[in-house]
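Structure data (mmCIF, C-alpha atoms) from data-v4.cif:
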```cif
data_input
#
loop_
_atom_site.group_PDB
_atom_site.id
_atom_site.type_symbol
_atom_site.label_atom_id
_atom_site.label_comp_id
_atom_site.auth_asym_id
_atom_site.auth_seq_id
_atom_site.Cartn_x
_atom_site.Cartn_y
_atom_site.Cartn_z
ATOM 1 C CA MET A 1 0.583 29.507 -47.703
ATOM 2 C CA SER A 2 -1.770 27.536 -45.453
ATOM 3 C CA GLY A 3 -0.382 26.484 -42.112
ATOM 4 C CA VAL A 4 2.572 28.873 -42.086
ATOM 5 C CA LEU A 5 3.128 30.012 -38.526
ATOM 6 C CA ALA A 6 3.200 33.677 -37.630
ATOM 7 C CA PRO A 7 6.575 35.395 -37.734
ATOM 8 C CA PRO A 8 8.059 37.397 -34.893
ATOM 9 C CA ARG A 9 6.849 40.979 -35.032
ATOM 10 C CA GLY A 10 8.791 42.934 -37.623
ATOM 11 C CA THR A 11 9.299 40.090 -40.107
ATOM 12 C CA SER A 12 7.147 38.775 -42.944
ATOM 13 C CA VAL A 13 5.966 35.304 -43.954
ATOM 14 C CA ALA A 14 5.777 36.219 -47.648
ATOM 15 C CA GLY A 15 6.835 38.573 -50.397
ATOM 16 C CA VAL A 16 4.357 40.665 -52.369
ATOM 17 C CA ALA A 17 4.025 38.060 -55.143
ATOM 18 C CA GLU A 18 3.087 35.398 -52.599
ATOM 19 C CA LEU A 19 0.636 37.763 -50.924
ATOM 20 C CA GLU A 20 -0.995 38.454 -54.286
ATOM 21 C CA ALA A 21 -1.310 34.702 -54.899
ATOM 22 C CA ALA A 22 -2.978 34.316 -51.492
ATOM 23 C CA ALA A 23 -5.358 37.169 -52.362
ATOM 24 C CA ARG A 24 -6.397 35.435 -55.586
ATOM 25 C CA ASN A 25 -7.100 32.238 -53.664
ATOM 26 C CA VAL A 26 -9.155 34.143 -51.092
ATOM 27 C CA ARG A 27 -11.220 35.678 -53.894
ATOM 28 C CA GLU A 28 -11.922 32.239 -55.336
ATOM 29 C CA HIS A 29 -13.126 31.019 -51.933
ATOM 30 C CA ILE A 30 -15.481 34.027 -51.701
ATOM 31 C CA VAL A 31 -16.896 33.374 -55.168
ATOM 32 C CA ASP A 32 -17.426 29.693 -54.318
ATOM 33 C CA MET A 33 -19.390 30.602 -51.186
ATOM 34 C CA CYS A 34 -21.519 33.088 -53.126
ATOM 35 C CA ALA A 35 -22.431 30.265 -55.510
ATOM 36 C CA GLY A 36 -24.042 28.334 -52.665
ATOM 37 C CA GLN A 37 -27.768 28.189 -52.043
ATOM 38 C CA GLU A 38 -27.723 31.187 -49.686
ATOM 39 C CA GLY A 39 -25.407 33.467 -51.666
ATOM 40 C CA GLY A 40 -23.368 36.023 -49.758
ATOM 41 C CA HIS A 41 -22.097 39.562 -49.341
ATOM 42 C CA LEU A 42 -19.964 39.497 -52.463
ATOM 43 C CA GLY A 43 -19.007 43.105 -53.211
ATOM 44 C CA GLY A 44 -17.911 44.179 -49.751
ATOM 45 C CA SER A 45 -16.003 40.943 -49.182
ATOM 46 C CA MET A 46 -14.070 41.307 -52.424
ATOM 47 C CA SER A 47 -13.061 44.862 -51.554
ATOM 48 C CA LEU A 48 -11.641 43.598 -48.247
ATOM 49 C CA VAL A 49 -9.347 40.920 -49.621
ATOM 50 C CA GLU A 50 -5.989 42.712 -49.721
ATOM 51 C CA ILE A 51 -6.622 44.280 -46.303
ATOM 52 C CA LEU A 52 -7.213 40.845 -44.782
ATOM 53 C CA VAL A 53 -4.262 39.256 -46.578
ATOM 54 C CA ALA A 54 -1.902 42.056 -45.533
ATOM 55 C CA LEU A 55 -2.922 41.631 -41.895
ATOM 56 C CA TYR A 56 -3.086 37.844 -41.637
ATOM 57 C CA PHE A 57 -0.121 36.977 -43.863
ATOM 58 C CA ASP A 58 2.286 39.801 -43.114
ATOM 59 C CA VAL A 59 1.477 42.126 -40.223
ATOM 60 C CA MET A 60 -0.268 40.387 -37.347
ATOM 61 C CA ARG A 61 1.356 38.158 -34.766
ATOM 62 C CA ILE A 62 -0.784 35.017 -34.942
ATOM 63 C CA ASP A 63 -0.458 31.245 -34.911
ATOM 64 C CA PRO A 64 -3.132 29.391 -36.929
ATOM 65 C CA ALA A 65 -2.410 26.228 -34.935
ATOM 66 C CA ARG A 66 -3.182 28.117 -31.706
ATOM 67 C CA PRO A 67 -6.000 30.558 -32.501
ATOM 68 C CA ARG A 68 -6.415 31.434 -28.808
ATOM 69 C CA ASP A 69 -2.730 31.996 -28.132
ATOM 70 C CA PRO A 70 -2.681 34.596 -25.324
ATOM 71 C CA ASP A 71 0.090 36.534 -27.089
ATOM 72 C CA ARG A 72 -1.776 36.857 -30.403
ATOM 73 C CA ASP A 73 -2.764 40.128 -32.005
ATOM 74 C CA THR A 74 -6.514 40.695 -32.287
ATOM 75 C CA LEU A 75 -8.545 41.494 -35.388
ATOM 76 C CA LEU A 76 -12.161 42.610 -35.185
ATOM 77 C CA LEU A 77 -14.176 42.775 -38.413
ATOM 78 C CA SER A 78 -16.605 45.548 -37.547
ATOM 79 C CA LYS A 79 -18.219 45.350 -41.004
ATOM 80 C CA GLY A 80 -19.414 41.872 -40.180
ATOM 81 C CA HIS A 81 -21.271 41.529 -43.480
ATOM 82 C CA GLY A 82 -17.802 40.889 -44.940
ATOM 83 C CA GLY A 83 -17.756 37.643 -42.980
ATOM 84 C CA ILE A 84 -17.220 35.354 -45.962
ATOM 85 C CA GLY A 85 -14.108 37.378 -46.793
ATOM 86 C CA LEU A 86 -12.853 36.780 -43.264
ATOM 87 C CA TYR A 87 -13.639 33.046 -43.452
ATOM 88 C CA ALA A 88 -11.812 32.792 -46.779
ATOM 89 C CA ALA A 89 -8.722 34.543 -45.410
ATOM 90 C CA LEU A 90 -8.678 32.400 -42.264
ATOM 91 C CA ALA A 91 -8.961 29.219 -44.323
ATOM 92 C CA GLU A 92 -6.196 30.288 -46.688
ATOM 93 C CA ARG A 93 -3.998 31.168 -43.703
ATOM 94 C CA GLY A 94 -4.435 27.699 -42.257
ATOM 95 C CA PHE A 95 -6.808 28.190 -39.312
ATOM 96 C CA PHE A 96 -8.972 25.368 -40.709
ATOM 97 C CA PRO A 97 -9.154 23.370 -43.980
ATOM 98 C CA ALA A 98 -10.572 25.358 -46.883
ATOM 99 C CA ALA A 99 -12.839 22.389 -47.684
ATOM 100 C CA GLN A 100 -14.911 23.317 -44.630
ATOM 101 C CA LEU A 101 -16.060 26.483 -46.386
ATOM 102 C CA ALA A 102 -18.360 24.289 -48.490
ATOM 103 C CA GLY A 103 -20.641 24.159 -45.446
ATOM 104 C CA TYR A 104 -21.253 27.920 -45.556
ATOM 105 C CA GLY A 105 -24.916 28.775 -45.099
ATOM 106 C CA GLY A 106 -25.934 25.170 -44.424
ATOM 107 C CA SER A 107 -28.161 24.052 -41.580
ATOM 108 C CA GLY A 108 -26.204 24.036 -38.321
ATOM 109 C CA SER A 109 -23.042 25.406 -39.916
ATOM 110 C CA GLU A 110 -20.805 27.739 -37.936
ATOM 111 C CA PHE A 111 -20.159 29.562 -41.233
ATOM 112 C CA MET A 112 -22.978 32.067 -41.399
ATOM 113 C CA ALA A 113 -23.420 35.479 -42.994
ATOM 114 C CA HIS A 114 -21.744 37.344 -40.130
ATOM 115 C CA PRO A 115 -18.670 36.125 -38.222
ATOM 116 C CA HIS A 116 -19.264 33.652 -35.416
ATOM 117 C CA PRO A 117 -16.638 32.830 -32.744
ATOM 118 C CA GLU A 118 -17.119 29.082 -33.225
ATOM 119 C CA VAL A 119 -14.994 29.590 -36.356
ATOM 120 C CA PRO A 120 -11.285 29.336 -35.422
ATOM 121 C CA GLY A 121 -9.699 32.762 -35.638
ATOM 122 C CA VAL A 122 -12.913 34.763 -35.193
ATOM 123 C CA GLU A 123 -12.597 36.799 -32.009
ATOM 124 C CA MET A 124 -16.233 37.819 -31.481
ATOM 125 C CA PRO A 125 -19.532 38.080 -33.372
ATOM 126 C CA THR A 126 -19.847 41.336 -35.294
ATOM 127 C CA GLY A 127 -22.088 42.962 -37.829
ATOM 128 C CA SER A 128 -24.264 45.365 -35.859
ATOM 129 C CA LEU A 129 -22.536 48.289 -37.514
ATOM 130 C CA GLY A 130 -20.831 50.996 -35.510
ATOM 131 C CA HIS A 131 -19.781 48.774 -32.598
ATOM 132 C CA GLY A 132 -16.464 47.289 -33.734
ATOM 133 C CA LEU A 133 -14.265 50.273 -32.971
ATOM 134 C CA ALA A 134 -15.613 50.523 -29.422
ATOM 135 C CA LEU A 135 -14.839 46.818 -28.948
ATOM 136 C CA GLY A 136 -11.362 47.498 -30.278
ATOM 137 C CA VAL A 137 -10.893 50.298 -27.748
ATOM 138 C CA GLY A 138 -11.789 47.859 -24.984
ATOM 139 C CA SER A 139 -9.363 45.260 -26.322
ATOM 140 C CA ALA A 140 -6.521 47.781 -26.553
ATOM 141 C CA LEU A 141 -7.212 49.093 -23.053
ATOM 142 C CA ALA A 142 -7.203 45.550 -21.658
ATOM 143 C CA ASP A 143 -3.841 44.852 -23.278
ATOM 144 C CA ARG A 144 -2.426 48.030 -21.783
ATOM 145 C CA LEU A 145 -3.617 46.982 -18.324
ATOM 146 C CA ASP A 146 -1.978 43.587 -18.881
ATOM 147 C CA ARG A 147 1.235 45.355 -19.964
ATOM 148 C CA SER A 148 1.080 43.291 -23.135
ATOM 149 C CA ASP A 149 2.594 44.236 -26.486
ATOM 150 C CA ARG A 150 -0.395 42.770 -28.304
ATOM 151 C CA ARG A 151 -1.960 44.948 -30.976
ATOM 152 C CA THR A 152 -5.630 45.320 -31.858
ATOM 153 C CA PHE A 153 -6.802 45.850 -35.434
ATOM 154 C CA VAL A 154 -10.334 46.866 -36.416
ATOM 155 C CA ILE A 155 -11.660 46.808 -39.987
ATOM 156 C CA MET A 156 -14.608 49.104 -40.630
ATOM 157 C CA GLY A 157 -16.779 49.812 -43.627
ATOM 158 C CA ASP A 158 -17.180 53.386 -44.776
ATOM 159 C CA GLY A 159 -20.991 53.329 -44.582
ATOM 160 C CA GLU A 160 -20.864 52.460 -40.888
ATOM 161 C CA LEU A 161 -18.970 55.683 -40.185
ATOM 162 C CA GLN A 162 -22.387 57.324 -40.266
ATOM 163 C CA GLU A 163 -23.014 55.752 -36.839
ATOM 164 C CA GLY A 164 -22.380 58.137 -33.951
ATOM 165 C CA SER A 165 -20.902 55.360 -31.811
ATOM 166 C CA VAL A 166 -17.903 55.235 -34.165
ATOM 167 C CA TRP A 167 -16.958 58.806 -33.309
ATOM 168 C CA GLU A 168 -17.476 58.285 -29.575
ATOM 169 C CA ALA A 169 -15.023 55.381 -29.802
ATOM 170 C CA ALA A 170 -12.659 57.502 -31.895
ATOM 171 C CA MET A 171 -12.574 60.148 -29.146
ATOM 172 C CA ALA A 172 -12.057 57.519 -26.446
ATOM 173 C CA ALA A 173 -9.163 55.931 -28.355
ATOM 174 C CA SER A 174 -7.283 59.191 -28.799
ATOM 175 C CA GLY A 175 -8.199 60.394 -25.326
ATOM 176 C CA HIS A 176 -6.600 57.285 -23.820
ATOM 177 C CA GLY A 177 -3.613 57.484 -26.157
ATOM 178 C CA LEU A 178 -4.146 53.967 -27.513
ATOM 179 C CA ASP A 179 -1.150 53.621 -29.801
ATOM 180 C CA ASN A 180 -1.650 49.824 -29.740
ATOM 181 C CA LEU A 181 -4.893 50.255 -31.729
ATOM 182 C CA THR A 182 -5.003 50.380 -35.530
ATOM 183 C CA ALA A 183 -8.193 50.782 -37.547
ATOM 184 C CA VAL A 184 -8.588 50.239 -41.287
ATOM 185 C CA ILE A 185 -11.470 51.655 -43.284
ATOM 186 C CA ASP A 186 -12.578 49.730 -46.363
ATOM 187 C CA ARG A 187 -13.304 52.907 -48.328
ATOM 188 C CA ASN A 188 -15.124 51.484 -51.355
ATOM 189 C CA GLY A 189 -17.526 54.437 -51.480
ATOM 190 C CA LEU A 190 -20.704 52.335 -51.562
ATOM 191 C CA GLN A 191 -23.296 51.110 -49.108
ATOM 192 C CA ILE A 192 -26.459 49.129 -49.639
ATOM 193 C CA THR A 193 -28.510 52.238 -50.474
ATOM 194 C CA GLY A 194 -25.989 53.808 -52.844
ATOM 195 C CA ARG A 195 -22.897 56.002 -52.698
ATOM 196 C CA THR A 196 -21.786 57.063 -49.227
ATOM 197 C CA GLU A 197 -21.281 60.640 -50.342
ATOM 198 C CA THR A 198 -24.902 60.764 -51.513
ATOM 199 C CA VAL A 199 -26.354 59.173 -48.366
ATOM 200 C CA VAL A 200 -24.296 61.033 -45.734
ATOM 201 C CA GLY A 201 -21.061 62.614 -46.944
ATOM 202 C CA LEU A 202 -17.862 61.540 -45.185
ATOM 203 C CA GLU A 203 -15.219 63.652 -46.883
ATOM 204 C CA PRO A 204 -12.756 65.080 -46.062
ATOM 205 C CA LEU A 205 -12.378 61.758 -44.269
ATOM 206 C CA ALA A 206 -8.652 61.808 -43.454
ATOM 207 C CA GLU A 207 -8.873 65.298 -42.019
ATOM 208 C CA ARG A 208 -11.773 64.246 -39.802
ATOM 209 C CA TRP A 209 -9.761 61.409 -38.264
ATOM 210 C CA ARG A 210 -6.777 63.660 -37.749
ATOM 211 C CA ALA A 211 -9.059 66.163 -36.013
ATOM 212 C CA PHE A 212 -10.094 63.345 -33.654
ATOM 213 C CA GLY A 213 -6.453 62.808 -32.711
ATOM 214 C CA TRP A 214 -5.584 59.825 -34.906
ATOM 215 C CA SER A 215 -2.384 59.351 -36.892
ATOM 216 C CA THR A 216 -3.917 58.924 -40.341
ATOM 217 C CA THR A 217 -2.713 57.730 -43.727
ATOM 218 C CA GLU A 218 -4.432 56.895 -47.030
ATOM 219 C CA VAL A 219 -3.398 54.051 -49.348
ATOM 220 C CA ASP A 220 -4.568 52.108 -52.373
ATOM 221 C CA GLY A 221 -6.398 49.292 -50.614
ATOM 222 C CA HIS A 222 -5.570 46.799 -53.364
ATOM 223 C CA ASP A 223 -1.815 47.506 -53.378
ATOM 224 C CA LEU A 224 -0.367 44.923 -51.006
ATOM 225 C CA GLY A 225 3.014 46.616 -50.899
ATOM 226 C CA ALA A 226 1.471 49.925 -49.860
ATOM 227 C CA LEU A 227 -0.891 48.273 -47.383
ATOM 228 C CA THR A 228 1.757 46.222 -45.607
ATOM 229 C CA SER A 229 4.060 49.229 -45.459
ATOM 230 C CA ALA A 230 1.352 51.417 -43.904
ATOM 231 C CA LEU A 231 0.258 48.752 -41.425
ATOM 232 C CA ARG A 232 3.839 47.981 -40.384
ATOM 233 C CA GLU A 233 4.708 51.612 -39.760
ATOM 234 C CA PRO A 234 5.583 52.024 -36.050
ATOM 235 C CA PRO A 235 2.670 53.752 -34.315
ATOM 236 C CA GLU A 236 3.037 57.353 -33.304
ATOM 237 C CA PRO A 237 3.461 57.346 -29.515
ATOM 238 C CA GLY A 238 0.234 58.190 -27.726
ATOM 239 C CA ARG A 239 -1.953 58.161 -30.855
ATOM 240 C CA PRO A 240 -4.105 55.430 -32.419
ATOM 241 C CA THR A 241 -3.521 54.714 -36.100
ATOM 242 C CA MET A 242 -6.041 55.013 -38.924
ATOM 243 C CA VAL A 243 -5.411 53.572 -42.398
ATOM 244 C CA ILE A 244 -7.950 54.648 -45.008
ATOM 245 C CA ALA A 245 -7.814 51.993 -47.734
ATOM 246 C CA ARG A 246 -9.283 53.228 -51.014
ATOM 247 C CA THR A 247 -10.911 50.144 -52.518
ATOM 248 C CA VAL A 248 -13.351 49.020 -55.215
ATOM 249 C CA LYS A 249 -16.499 47.141 -54.283
ATOM 250 C CA GLY A 250 -16.514 43.783 -56.079
ATOM 251 C CA LYS A 251 -12.779 44.031 -56.872
ATOM 252 C CA GLY A 252 -11.579 41.275 -59.191
ATOM 253 C CA LEU A 253 -14.851 40.819 -61.076
ATOM 254 C CA PRO A 254 -15.109 43.583 -63.709
ATOM 255 C CA PHE A 255 -18.786 42.864 -64.409
ATOM 256 C CA ILE A 256 -19.758 43.892 -60.843
ATOM 257 C CA GLU A 257 -16.932 46.228 -59.790
ATOM 258 C CA GLY A 258 -18.061 49.528 -58.336
ATOM 259 C CA GLN A 259 -21.738 48.593 -58.319
ATOM 260 C CA ALA A 260 -24.024 48.789 -55.294
ATOM 261 C CA ARG A 261 -25.976 45.766 -56.581
ATOM 262 C CA SER A 262 -22.963 43.589 -55.757
ATOM 263 C CA HIS A 263 -23.681 44.079 -52.043
ATOM 264 C CA TYR A 264 -25.336 40.649 -51.806
ATOM 265 C CA ALA A 265 -25.407 38.089 -54.577
ATOM 266 C CA ARG A 266 -26.173 34.476 -55.291
ATOM 267 C CA LEU A 267 -24.150 33.391 -58.283
ATOM 268 C CA GLY A 268 -25.796 30.947 -60.653
ATOM 269 C CA GLU A 269 -23.778 28.164 -62.241
ATOM 270 C CA ARG A 270 -22.908 30.215 -65.318
ATOM 271 C CA GLN A 271 -21.992 33.298 -63.274
ATOM 272 C CA HIS A 272 -19.880 31.135 -60.967
ATOM 273 C CA ARG A 273 -17.898 29.684 -63.870
ATOM 274 C CA ARG A 274 -17.478 33.139 -65.389
ATOM 275 C CA ALA A 275 -16.233 34.635 -62.103
ATOM 276 C CA LEU A 276 -13.683 31.855 -61.541
ATOM 277 C CA ALA A 277 -12.470 32.129 -65.138
ATOM 278 C CA VAL A 278 -11.883 35.869 -64.727
ATOM 279 C CA LEU A 279 -9.995 35.427 -61.450
ATOM 280 C CA ARG A 280 -7.830 32.625 -62.843
ATOM 281 C CA ALA A 281 -7.070 34.587 -66.001
ATOM 282 C CA CYS A 282 -5.888 37.503 -63.854
ATOM 283 C CA GLY A 283 -3.689 35.109 -61.912
ATOM 284 C CA THR A 284 -2.114 33.780 -65.099
ATOM 285 C CA GLU A 285 -1.404 37.338 -66.250
ATOM 286 C CA GLY A 286 0.065 38.284 -62.872
ATOM 287 C CA GLY A 287 -2.640 40.842 -62.073
ATOM 288 C CA LYS A 288 -4.579 41.334 -58.865
#
```

As structure tokens:
Amino acid sequence: MSGVLAPPRGTSVAGVAELEAAARNVREHIVDMCAGQEGGHLGGSMSLVEILVALYFDVMRIDPARPRDPDRDTLLLSKGHGGIGLYAALAERGFFPAAQLAGYGGSGSEFMAHPHPEVPGVEMPTGSLGHGLALGVGSALADRLDRSDRRTFVIMGDGELQEGSVWEAAMAASGHGLDNLTAVIDRNGLQITGRTETVVGLEPLAERWRAFGWSTTEVDGHDLGALTSALREPPEPGRPTMVIARTVKGKGLPFIEGQARSHYARLGERQHRRALAVLRACGTEGGK
């Protein structure tokens, strides 16, 4: 899939089977980076994979050969601790050779724990949670002023919804009628201190976003067909779009799935081999 140029809006570069193959490759890249000397945010990156693949391989108007194309759509990863997931998706999409990911966490490397704009395809540094949606509002407003048909996408974690700045941005987006703004919540139900509903309850989450004036839908965040369908749905005029993606932290690795301890991990040699074997076995069987 690497190097395939972005399609015109409304068409796709791949079918679901090809998207699933890309997702498996992205997961392998994430596991490889977590086996480096610094380790990485494993669980929350694995839960993001299908969201990133749906956007970069099917939905967004982008050109990997021209990452600063003025007509590109914009993606902001508000949950910046999923940075290695973003790097893996960008590499698989052809923004840079996947071999460069081997430098992750090394001295002087542009591949660090949180996204850095020196990496082709990264729009801005993120990771101070609760700020990404506000940045997305600014991006969408700027595009409106430019009379551009660009779209802005923001990916948020569910734990960061406990930040008040998220809801200020949510009000601003609906108040300005930003129908060129789409947000996706990686709803894996876990944050570093435990389950979100134990720390600060978020449910009924969909109803809350609707109350803030957003057109809201919920999908299985690991079902690429459902994700691409939801993200391709024409926006409701005058309303921003929210997609709540129900996901599993650590998806793809049964021995860490759904566990808060997967938040950050450094995989030893044996764990690394085991993780790759599991992912490749799933690929052989045709599973996600």

_Tell me which residues come within 9 Å of (-22.9, 29.5, -43.7), as a VMD selection string, counting all atoms listed in the file in the file's coordinates._
chain A and resid 33 38 40 84 101 to 114

Can you sort out the box for range 213-232 of chain A, edges along x, y and z, all listed atoms in, 8 Å on every side, with centre and edge lengths in Å to one decimal, as AutoDock Vina command-line options?
```
--center_x -1.2 --center_y 53.9 --center_z -43.0 --size_x 26.5 --size_y 33.9 --size_z 36.7
```

*Output the residue selection produced by the PyMOL selection byres ((chain A and resi 247) around 9) on the file above, formatted as a count of residues only.*
14

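Applied to the file shown here, the PyMOL selection byres ((chain A and resi 236) around 12) selects the residues Ser174, Gly177, Leu178, Asp179, Asn180, Leu181, Thr182, Gly213, Trp214, Ser215, Thr216, Thr217, Arg232, Glu233, Pro234, Pro235, Pro237, Gly238, Arg239, Pro240, Thr241 and Met242 of chain A.
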
*asked:* Going by the chain IDs and residue numbers used in this file, which residues fall under the PyMOL selection byres ((chain A and resi 93) around 12)? Write them as a PyMOL selection string.
replied: chain A and resi 1-6+13-14+19+22-23+25-26+52-58+60+62-65+67+86-92+94-98+120-121

_Could you check the closest approach to His81 in chain A for each of A:Ala99, A:Asp149, A:Ile155, A:Ala140 and tell me which residue wins, using all atoms listed in the file?_
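Selected residue with least distance to His81 in chain A: A:Ile155.
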
*Contacts of range 124-130 of chain A at 7 Å (all atoms listed in the file; same-chain gap of 2+ positions) as a ChimeraX atom specification*: /A:77-81,114-117,122,132,160-161,163,165-166

*Residues at most 12 Å from Ile256 in chain A, counting all atoms listed in the file, excluding those fewer than 6 positions away in the same chain, as number ranges by chain?*
A: 42-44, 46-47, 248-250, 262-265, 267, 271, 274-275, 278

Where does range 74-164 of chain A meet range 191-208 of chain A within 8 Å, residue by residue, with the nearest atom pair and distance in Å to one decimal for each, counting all atoms listed in the file, listed by chain and rising number, as JSON lines?
```
{"residue": "A:Asp158", "atom": "CA", "partner": "A:Thr196", "partner_atom": "CA", "distance": 7.4}
{"residue": "A:Gly159", "atom": "CA", "partner": "A:Gln191", "partner_atom": "CA", "distance": 5.5}
{"residue": "A:Leu161", "atom": "CA", "partner": "A:Leu202", "partner_atom": "CA", "distance": 7.8}
{"residue": "A:Gln162", "atom": "CA", "partner": "A:Val200", "partner_atom": "CA", "distance": 6.9}
```

*Quick one: of A:Gly136, A:Gly82, A:Gly39, A:Gly15, who's nearest to Gly225 in chain A, counting only C-alpha atoms?*
A:Gly15

Can you give me N, CA and C atoms for range 204-219 of chain A, written as an mmCIF file, keeping the file's coordinate frame?
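out_18.cif was written with the following content:
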```cif
data_model
loop_
_atom_site.group_PDB
_atom_site.id
_atom_site.type_symbol
_atom_site.label_atom_id
_atom_site.label_comp_id
_atom_site.auth_asym_id
_atom_site.auth_seq_id
_atom_site.Cartn_x
_atom_site.Cartn_y
_atom_site.Cartn_z
ATOM 1 N N PRO A 204 -14.108 65.630 -45.932
ATOM 2 C CA PRO A 204 -12.756 65.080 -46.062
ATOM 3 C C PRO A 204 -12.464 64.095 -44.933
ATOM 4 N N LEU A 205 -12.421 62.809 -45.282
ATOM 5 C CA LEU A 205 -12.378 61.758 -44.269
ATOM 6 C C LEU A 205 -11.072 61.747 -43.481
ATOM 7 N N ALA A 206 -9.942 61.843 -44.164
ATOM 8 C CA ALA A 206 -8.652 61.808 -43.454
ATOM 9 C C ALA A 206 -8.531 62.959 -42.470
ATOM 10 N N GLU A 207 -8.948 64.130 -42.901
ATOM 11 C CA GLU A 207 -8.873 65.298 -42.019
ATOM 12 C C GLU A 207 -9.756 65.131 -40.794
ATOM 13 N N ARG A 208 -10.884 64.481 -40.955
ATOM 14 C CA ARG A 208 -11.773 64.246 -39.802
ATOM 15 C C ARG A 208 -11.082 63.365 -38.766
ATOM 16 N N TRP A 209 -10.433 62.288 -39.223
ATOM 17 C CA TRP A 209 -9.761 61.409 -38.264
ATOM 18 C C TRP A 209 -8.590 62.106 -37.603
ATOM 19 N N ARG A 210 -7.880 62.902 -38.363
ATOM 20 C CA ARG A 210 -6.777 63.660 -37.749
ATOM 21 C C ARG A 210 -7.314 64.621 -36.701
ATOM 22 N N ALA A 211 -8.463 65.237 -36.977
ATOM 23 C CA ALA A 211 -9.059 66.163 -36.013
ATOM 24 C C ALA A 211 -9.472 65.452 -34.728
ATOM 25 N N PHE A 212 -9.741 64.135 -34.833
ATOM 26 C CA PHE A 212 -10.094 63.345 -33.654
ATOM 27 C C PHE A 212 -8.859 62.775 -32.954
ATOM 28 N N GLY A 213 -7.677 63.184 -33.405
ATOM 29 C CA GLY A 213 -6.453 62.808 -32.711
ATOM 30 C C GLY A 213 -5.793 61.538 -33.181
ATOM 31 N N TRP A 214 -6.158 61.062 -34.384
ATOM 32 C CA TRP A 214 -5.584 59.825 -34.906
ATOM 33 C C TRP A 214 -4.459 60.128 -35.897
ATOM 34 N N SER A 215 -3.420 59.313 -35.867
ATOM 35 C CA SER A 215 -2.384 59.351 -36.892
ATOM 36 C C SER A 215 -2.966 58.664 -38.128
ATOM 37 N N THR A 216 -3.109 59.390 -39.215
ATOM 38 C CA THR A 216 -3.917 58.924 -40.341
ATOM 39 C C THR A 216 -3.135 58.909 -41.639
ATOM 40 N N THR A 217 -3.322 57.827 -42.407
ATOM 41 C CA THR A 217 -2.713 57.730 -43.727
ATOM 42 C C THR A 217 -3.715 57.142 -44.698
ATOM 43 N N GLU A 218 -3.567 57.434 -45.983
ATOM 44 C CA GLU A 218 -4.432 56.895 -47.030
ATOM 45 C C GLU A 218 -3.591 56.082 -47.999
ATOM 46 N N VAL A 219 -4.124 54.916 -48.422
ATOM 47 C CA VAL A 219 -3.398 54.051 -49.348
ATOM 48 C C VAL A 219 -4.378 53.452 -50.356
#
```
